[in-house]
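Scroll down for the structure; my scribbles are underneath it.
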Amino acid sequence: MTRFATFLGALAALWLIATPGVAQEYRVQPGDTLRVEVVEDQSLNRTLLVSPDGRISLPGAGALRVNGLTIEQIQRALAQRLAPGFVNPPNVFVDIQALAPEDEDPVTSIFVVGEANTVGRIELEPGTTLLQAFAQFGGFTNFAATKRIQLRRGSDIYTIDYNKILDGSSRNGSVRMHEGDVIIIPQRKLFE
């Protein structure tokens with residue numbers, strides 16, 4: 001009887017491990033690095049960083065919001081967008097190459113250059129968003145090109161349109177600032 005009970009216990013443990021849906025699927029977030037492979041066209045294979053606004057961009061598929069999606073949902077969406085360029089629907093595989101770094105100490109200081117009312121090193125509270133950082137450094141001068149603001153995070157460069165943040169068509173204003181981020185506000189061109 002003991003052998004039978006052990007067998008049933010092992011069988012129950014295997015069932016729990018192998019049952020889909022027991023563990024919650026990972027949802028992609030800004031800062032994650034994804035590897036995309038298209039079997040039918042290897043020129044589309046690439047490694048993509050999920051931007052602060054939660055998007056990736058792939059030739060032939062355009063920009064796709066992936067924030068909060070599972071890997072399977074991203075694969076289906078990319079295959080659907082790429083399908084018109086292929087005779088048969090393409091086989092798209094997406095894998096997480098690296099997770100977004102954990103924000104144990106999200107912010108102590110950032111740097112602001114260009115047409116801001118306060119430039120230089122700016123101290124921020126942990127969890128400060130980009131829009132709050134704009135307020136912290138006092139906004140922009142009259143000569144600021146607010147449609148071409150750059151957020152530089154390491155070797156990555158993101159273009160920010162302040163007007164789109166204000167009218168609600170961009171969620172970039174809610175991106176949390178990281179230690180060492182650099183905000184560059186270029187000078188407006190003559191008819192800009």
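Note on naming: chains are A, B, ... as they come in the structure tokens, residues start from 1 per chain, ligands start from 1 in the order shown.
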Run DSSP on the backbone and give me the residues of stretch 59-91 of chain A it puts in alpha helix (DSSP H), as a ChimeraX atom specification.
/A:71-82
One residue among A:Gly60, A:Gly180, A:Gly68, A:Gly54 is nearest to A:Ala83 when using only C-alpha atoms, and that residue is A:Gly60
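Summary of the local environment: counting only C-alpha atoms, residues at most 6 Å from stretch 78-80 of chain A, other than itself and those fewer than 3 positions away along its chain, are Gln75, Ala83, Pro90 and Val92 of chain A.
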Can you tell me which residues surround A:Phe140 at a distance of at most 12 Å, considering only C-alpha atoms, apart from same-chain residues fewer than 3 positions away, and format the answer as a ChimeraX atom specification?
/A:112-119,133-137,143-147,149,162,183-188
Written file, previous selection with C-alpha atoms, as a compact mmCIF listing (two decimals), in the first residue's frame:
```txt
# COMPACT_ATOMS: atom_id res chain seq x y z
CA VAL A 112 19.78 68.04 -18.11
CA VAL A 113 21.43 69.84 -21.03
CA GLY A 114 20.24 72.42 -23.54
CA GLU A 115 17.20 74.67 -23.49
CA ALA A 116 15.95 73.97 -19.96
CA ASN A 117 15.39 76.57 -17.26
CA THR A 118 17.78 74.62 -15.01
CA VAL A 119 20.62 72.63 -16.53
CA ALA A 133 11.42 65.63 -13.99
CA PHE A 134 10.44 68.32 -16.53
CA ALA A 135 8.65 70.14 -13.70
CA GLN A 136 11.59 69.61 -11.34
CA PHE A 137 14.05 71.38 -13.66
CA PHE A 143 13.93 78.51 -27.62
CA ALA A 144 13.38 74.83 -26.76
CA ALA A 145 12.50 72.34 -29.52
CA THR A 146 10.00 70.44 -27.38
CA LYS A 147 9.15 68.01 -30.21
CA ILE A 149 13.70 66.16 -26.72
CA TYR A 162 6.50 67.03 -25.04
CA ILE A 183 17.75 64.74 -20.99
CA ILE A 184 18.82 66.83 -23.97
CA ILE A 185 16.60 69.71 -25.06
CA PRO A 186 17.80 71.02 -28.44
CA GLN A 187 17.38 74.59 -29.64
CA ARG A 188 14.46 75.29 -31.97
```
Rows by chain and residue number, stretch 48-160 of chain A within 8 Å of stretch 166-176 of chain A, shortest pair, only C-alpha atoms, as CSV:
```
residue,atom,partner,partner_atom,distance
A:Pro52,CA,A:Val175,CA,6.0
A:Asp53,CA,A:Asn172,CA,5.3
A:Pro106,CA,A:Arg176,CA,8.0
A:Gly127,CA,A:Arg176,CA,5.8
A:Thr128,CA,A:Arg176,CA,5.6
A:Thr129,CA,A:Arg176,CA,4.2
A:Leu130,CA,A:Gly173,CA,5.0
A:Leu131,CA,A:Gly173,CA,4.6
A:Gln132,CA,A:Gly173,CA,7.9
A:Ile160,CA,A:Asn172,CA,7.1
```
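By only C-alpha atoms, and with residues fewer than 2 positions from A:Ala98 along its chain excluded, the set lying at most 7 Å from it is A:Asp32, A:Thr33, A:Ile96, A:Ala100.
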Record the distance separating atom CA of A:Arg121 and atom CA of A:Asp181, expressed in Å with one decimal.
10.1 Å
12 Å contact set for A:Ser51, only C-alpha atoms, chain neighbours under 6 positions out, as a PyMOL selection string
chain A and resi 28-34+57+63-67+100+151-153+156-160+171-172+175
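Pairwise distance (atom CA of A:Glu37, atom CA of A:Phe93) equals 5.2 Å.
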Just the number, please: distance in Å from atom CA of A:Leu49 to atom CA of A:Glu179, one decimal.
18.5 Å
DSSP-assigned strand (DSSP E) among chain A, expressed as a ChimeraX atom specification:
/A:33-38,46-49,55-58,62-65,92-98,109-114,120-123,149-153,156-160,182-185
Across A:Lys164, A:Arg46, A:Arg76, A:Arg35, the smallest distance to A:Leu99, with only C-alpha atoms counted, is shown by A:Arg35
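Excluding A:Asp41 and any residue on its chain fewer than 2 positions from it, the residues at most 10 Å away by only C-alpha atoms are Glu37, Val38, Val39, Ser43, Leu44, Asn45, Phe86, Pro90, Asn91 and Val92 of chain A.
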